[in-house]
$ cat start.txt   # compact mmCIF, C-alpha atoms
# COMPACT_ATOMS: atom_id res chain seq x y z
CA MET A 1 108.84 124.87 126.16
CA THR A 2 109.60 125.62 122.50
CA ALA A 3 107.41 124.45 119.70
CA MET A 4 109.12 122.46 116.98
CA ALA A 5 108.36 123.34 113.39
CA HIS A 6 107.07 120.40 111.38
CA GLU A 7 107.00 119.92 107.67
CA PRO A 8 103.40 120.17 106.46
CA LEU A 9 101.90 116.84 105.49
CA THR A 10 101.46 116.31 101.80
CA GLN A 11 98.28 114.85 100.34
CA ALA A 12 100.24 111.63 99.72
CA ASP A 13 101.28 111.50 103.41
CA VAL A 14 97.69 111.97 104.59
CA LEU A 15 96.47 109.27 102.16
CA LEU A 16 99.15 106.83 103.32
CA GLU A 17 98.37 107.46 107.01
CA GLY A 18 94.65 106.94 106.38
CA PHE A 19 95.34 103.77 104.42
CA LEU A 20 97.62 102.28 107.08
CA ALA A 21 94.96 102.98 109.76
CA LEU A 22 92.18 101.39 107.71
CA GLU A 23 90.46 98.33 109.17
CA THR A 24 88.72 96.04 106.69
CA PRO A 25 86.04 93.43 107.34
CA GLU A 26 87.27 89.88 107.87
CA GLY A 27 88.49 88.29 104.64
CA PHE A 28 88.67 91.59 102.76
CA ARG A 29 91.98 93.18 101.87
CA ALA A 30 92.92 96.78 101.27
CA GLU A 31 95.65 98.02 98.94
CA LEU A 32 96.99 101.46 98.09
CA ILE A 33 97.59 101.36 94.35
CA GLU A 34 98.90 104.47 92.62
CA GLY A 35 97.11 106.82 95.00
CA GLU A 36 93.83 104.91 95.19
CA ILE A 37 92.64 102.85 98.16
CA VAL A 38 91.19 99.60 96.83
CA VAL A 39 89.23 97.17 99.02
CA THR A 40 88.75 93.68 97.60
CA PRO A 41 86.36 90.96 98.83
CA PRO A 42 87.54 87.40 99.51
CA PRO A 43 88.39 85.49 96.30
CA ASP A 44 86.12 82.86 94.79
CA GLY A 45 87.04 79.18 94.55
CA ASP A 46 88.18 79.30 90.91
CA HIS A 47 90.57 82.13 91.77
CA GLU A 48 92.13 80.04 94.52
CA ASP A 49 92.23 76.94 92.28
CA TYR A 50 94.44 78.77 89.74
CA ASN A 51 96.75 79.93 92.53
CA SER A 52 96.97 76.41 93.90
CA LEU A 53 97.85 74.94 90.49
CA ILE A 54 100.70 77.44 90.12
CA VAL A 55 102.04 76.92 93.65
CA GLU A 56 102.01 73.14 93.25
CA GLN A 57 103.98 73.26 90.00
CA ILE A 58 106.55 75.71 91.32
CA PHE A 59 107.15 73.65 94.44
CA MET A 60 107.45 70.42 92.46
CA ARG A 61 109.31 71.61 89.35
CA SER A 62 111.31 74.77 90.06
CA ARG A 63 115.10 74.41 89.77
CA THR A 64 115.46 76.77 92.71
CA ARG A 65 113.66 75.89 95.92
CA MET A 66 111.07 78.60 96.54
CA GLN A 67 109.12 80.00 99.44
CA PHE A 68 105.56 81.18 98.84
CA SER A 69 103.39 83.74 100.54
CA GLY A 70 99.75 84.29 99.65
CA ASN A 71 98.52 87.82 100.16
CA LYS A 72 101.86 89.29 101.39
CA GLY A 73 101.89 93.08 101.53
CA LEU A 74 104.61 94.68 99.40
CA LYS A 75 105.76 98.31 99.52
CA LEU A 76 106.57 99.48 96.00
CA PRO A 77 108.14 102.75 94.82
CA SER A 78 105.88 105.66 94.04
CA GLY A 79 105.08 106.64 90.49
CA GLY A 80 104.76 110.25 89.41
CA SER A 81 102.67 112.12 91.98
CA CYS A 82 101.33 108.90 93.50
CA PRO A 83 102.48 107.85 96.96
CA ARG A 84 104.37 104.63 97.57
CA SER A 85 102.05 101.80 96.58
CA HIS A 86 101.10 99.09 99.07
CA VAL A 87 100.08 96.11 96.96
CA ILE A 88 99.05 92.58 97.92
CA PRO A 89 99.76 90.06 95.15
CA ASP A 90 97.74 86.86 95.06
CA GLY A 91 101.06 85.06 95.34
CA THR A 92 104.67 86.02 96.03
CA PHE A 93 107.65 83.72 95.47
CA ALA A 94 111.22 84.17 96.68
CA PRO A 95 114.21 81.81 96.74
CA ALA A 96 114.00 79.74 99.94
CA GLU A 97 117.64 80.43 100.80
CA LEU A 98 116.77 84.14 101.33
CA ARG A 99 114.11 83.40 103.98
CA LEU A 100 112.61 86.66 102.82
CA PHE A 101 109.37 86.32 104.75
CA ARG A 102 110.97 85.47 108.13
CA GLY A 103 110.58 88.47 110.41
CA ALA A 104 109.09 90.64 107.64
CA GLU A 105 106.70 93.41 108.56
CA SER A 106 103.11 93.31 107.29
CA TRP A 107 104.26 95.57 104.45
CA MET A 108 107.73 94.57 103.32
CA PRO A 109 110.05 95.87 100.60
CA CYS A 110 110.09 93.87 97.37
CA GLU A 111 113.85 93.29 97.12
CA GLY A 112 114.52 89.58 96.68
CA VAL A 113 111.07 88.71 95.33
CA ALA A 114 111.46 86.50 92.24
CA LEU A 115 107.85 86.34 91.01
CA VAL A 116 104.45 87.77 91.82
CA VAL A 117 101.18 86.20 90.66
CA GLU A 118 97.81 87.81 90.05
CA VAL A 119 94.60 86.05 89.04
CA THR A 120 92.04 88.45 87.60
CA SER A 121 88.80 89.07 89.44
CA SER A 122 86.05 91.65 89.04
CA ARG A 123 88.39 94.45 87.88
CA PRO A 124 90.89 92.81 85.50
CA GLN A 125 92.29 96.12 84.18
CA ARG A 126 93.87 96.79 87.55
CA ASP A 127 95.87 93.53 87.30
CA ARG A 128 96.61 93.98 83.59
CA GLU A 129 97.85 97.57 83.78
CA THR A 130 98.05 99.28 87.16
CA LYS A 131 99.61 96.48 89.19
CA ARG A 132 101.89 95.62 86.26
CA ARG A 133 103.35 99.15 86.44
CA CYS A 134 103.70 98.90 90.23
CA TYR A 135 105.60 95.60 90.02
CA ALA A 136 107.85 96.93 87.25
CA ARG A 137 108.67 100.03 89.35
CA GLY A 138 109.53 97.66 92.19
CA ASP A 139 111.96 95.87 89.86
CA ILE A 140 110.27 92.51 90.49
CA PRO A 141 111.82 90.32 87.78
CA LEU A 142 108.72 88.28 86.87
CA TYR A 143 104.99 88.98 86.96
CA LEU A 144 102.62 86.13 86.10
CA LEU A 145 99.05 87.12 85.23
CA VAL A 146 96.26 84.56 84.95
CA ASP A 147 93.56 86.35 82.97
CA ARG A 148 90.29 84.49 83.45
CA GLU A 149 88.37 86.78 81.09
CA SER A 150 90.69 86.11 78.13
CA SER A 151 91.52 82.52 79.19
CA SER A 152 95.23 83.23 78.99
CA VAL A 153 98.39 83.35 81.07
CA THR A 154 100.92 86.14 80.57
CA LEU A 155 104.48 86.36 81.85
CA PHE A 156 105.92 89.87 82.11
CA SER A 157 109.70 90.01 82.48
CA ASP A 158 112.67 92.38 82.22
CA PRO A 159 111.31 95.34 84.21
CA GLU A 160 112.46 98.82 83.32
CA ASN A 161 111.02 101.96 84.92
CA GLU A 162 107.23 101.81 84.59
CA ASP A 163 106.80 98.56 82.63
CA TYR A 164 108.15 95.21 81.56
CA ARG A 165 110.06 94.98 78.28
CA GLN A 166 109.18 91.36 77.53
CA VAL A 167 105.66 89.92 77.43
CA LEU A 168 104.72 86.34 76.59
CA THR A 169 101.05 85.27 76.51
CA VAL A 170 99.69 81.77 75.95
CA PRO A 171 96.08 80.55 75.93
CA PHE A 172 94.91 78.17 78.64
CA GLY A 173 96.00 74.68 77.68
CA LYS A 174 99.45 75.68 76.37
CA SER A 175 102.67 75.62 78.38
CA LEU A 176 104.45 78.81 79.39
CA PRO A 177 108.23 78.79 79.90
CA LEU A 178 109.29 80.23 83.26
CA PRO A 179 112.93 81.41 83.12
CA GLU A 180 115.52 80.99 85.85
CA PRO A 181 115.44 80.78 88.79
CA PHE A 182 112.42 78.57 88.00
CA GLY A 183 113.63 76.95 84.77
CA PHE A 184 110.59 74.91 83.72
CA ASP A 185 107.46 75.12 81.56
CA LEU A 186 104.32 75.99 83.51
CA GLU A 187 101.55 73.68 82.32
CA THR A 188 98.14 75.31 81.97
CA ALA A 189 96.06 72.34 80.73
CA ASP A 190 94.26 72.22 84.09
CA PHE A 191 93.37 75.94 83.78
CA VAL A 192 90.78 75.11 81.10
$ encode --input "start.txt" --output "structure tokens"
Amino acid sequence: MTAMAHEPLTQADVLLEGFLALETPEGFRAELIEGEIVVTPPPDGDHEDYNSLIVEQIFMRSRTRMQFSGNKGLKLPSGGSCPRSHVIPDGTFAPAELRLFRGAESWMPCEGVALVVEVTSSRPQRDRETKRRCYARGDIPLYLLVDRESSSVTLFSDPENEDYRQVLTVPFGKSLPLPEPFGFDLETADFV
């Protein structure tokens, strides 16, 4: 019997294998974000209330019928020396006609995703900066950030390489225009 030569595993390969084998306590979620394993506890009620307000408006007002997935794992391209990121947005929207979530693996590619949503929690910088770069690298057209600390909602659009070229922020209480395929103004009066 002949031994087969194998490519040595890189540090990124070892990290990814360890991450994919990780088991978290019930309700917790683990993400691999730019080379760092992040474990997050279950969200609080206010966090889920913001998500619910967004989902309700998109389902009722979007020009394009959307499908929603809460906590869907997305595989995003690597950045620099970091391995491929495995990120779980608080919300993921895709046009219903794509049936993007049907038959998808636990960690699916991000092609076809129209919008991801994050509501800040205990580490808001991760949502403001790190995840923003991940979503831009994945060429996700729209990233909606509800920033509870600054009482604002930000829409990042027009991804290019490591970031979004357009940024629009409004304080809670003001409306935020969502471009096509949504085509309506997101009302944030209930966010106050």
$ closest_residue --input "start.txt" --among "A:Gly112, A:Gly103, A:Pro43, A:Gly138" --to "Ser78 of chain A" --atoms "all atoms listed in the file"
A:Gly138
$ residues_around --input "start.txt" --residues "Arg99 of chain A" --least-positions-apart "4" --cutoff "12 Å" --atoms "all atoms listed in the file" --output "list in words"
Arg65, Met66, Gln67, Phe68, Ser69, Phe93, Ala94, Pro95, Gly103, Ala104, Gly112 and Val113 of chain A
$ write_last_selection --input "start.txt" --atoms "C-alpha atoms" --output "tab-separated table (two decimals), in the frame of the given file"
chain	number	residue	atom	x	y	z
A	65	ARG	CA	113.66	75.89	95.92
A	66	MET	CA	111.07	78.60	96.54
A	67	GLN	CA	109.12	80.00	99.44
A	68	PHE	CA	105.56	81.18	98.84
A	69	SER	CA	103.39	83.74	100.54
A	93	PHE	CA	107.65	83.72	95.47
A	94	ALA	CA	111.22	84.17	96.68
A	95	PRO	CA	114.21	81.81	96.74
A	103	GLY	CA	110.58	88.47	110.41
A	104	ALA	CA	109.09	90.64	107.64
A	112	GLY	CA	114.52	89.58	96.68
A	113	VAL	CA	111.07	88.71	95.33
$ residues_around --input "start.txt" --residues "Ser52 of chain A" --least-positions-apart "6" --cutoff "12 Å" --atoms "only C-alpha atoms" --output "ChimeraX atom specification"
/A:45-46,58-59,68-70,90-91,117,119,190-191
$ closest_atom_pairs --input "start.txt" --of "segment 14-103 of chain A" --to "segment 168-188 of chain A" --cutoff "6 Å" --atoms "only C-alpha atoms" --output "CSV"
residue,atom,partner,partner_atom,distance
A:Ser62,CA,A:Phe182,CA,4.5
A:Arg63,CA,A:Phe182,CA,5.3
A:Thr64,CA,A:Pro181,CA,5.6
$ closest_residue --input "start.txt" --among "A:Gln166, A:Asn71, A:Thr130, A:Ser122" --to "Gly35 of chain A" --atoms "all atoms listed in the file"
A:Thr130
$ axis_aligned_box --input "start.txt" --around "segment 109-113 of chain A" --padding-each-side "8 Å" --output "JSON"
{"center_x": 112.3, "center_y": 92.3, "center_z": 98.0, "size_x": 20.5, "size_y": 23.2, "size_z": 21.3}
$ residues_around --input "start.txt" --residues "Ala21 of chain A" --least-positions-apart "6" --cutoff "12 Å" --atoms "all atoms listed in the file" --output "list in words"
Val14, Leu15, Ala30, Glu31, Leu32 and Ile37 of chain A
$ atom_distance --input "start.txt" --atom1 "atom CA of Met108 of chain A" --atom2 "atom CA of Gly73 of chain A"
6.3 Å
$ residues_around --input "start.txt" --residues "Thr154 of chain A" --least-positions-apart "2" --cutoff "8 Å" --atoms "all atoms listed in the file" --output "list in words"
Leu144, Leu145, Val146, Asp147, Ser152, Phe156, Val167, Leu168, Thr169 and Val170 of chain A
$ closest_residue --input "start.txt" --among "A:Val39, A:Asn161, A:Asn51, A:Asp139" --to "Glu118 of chain A" --atoms "all atoms listed in the file"
A:Asn51
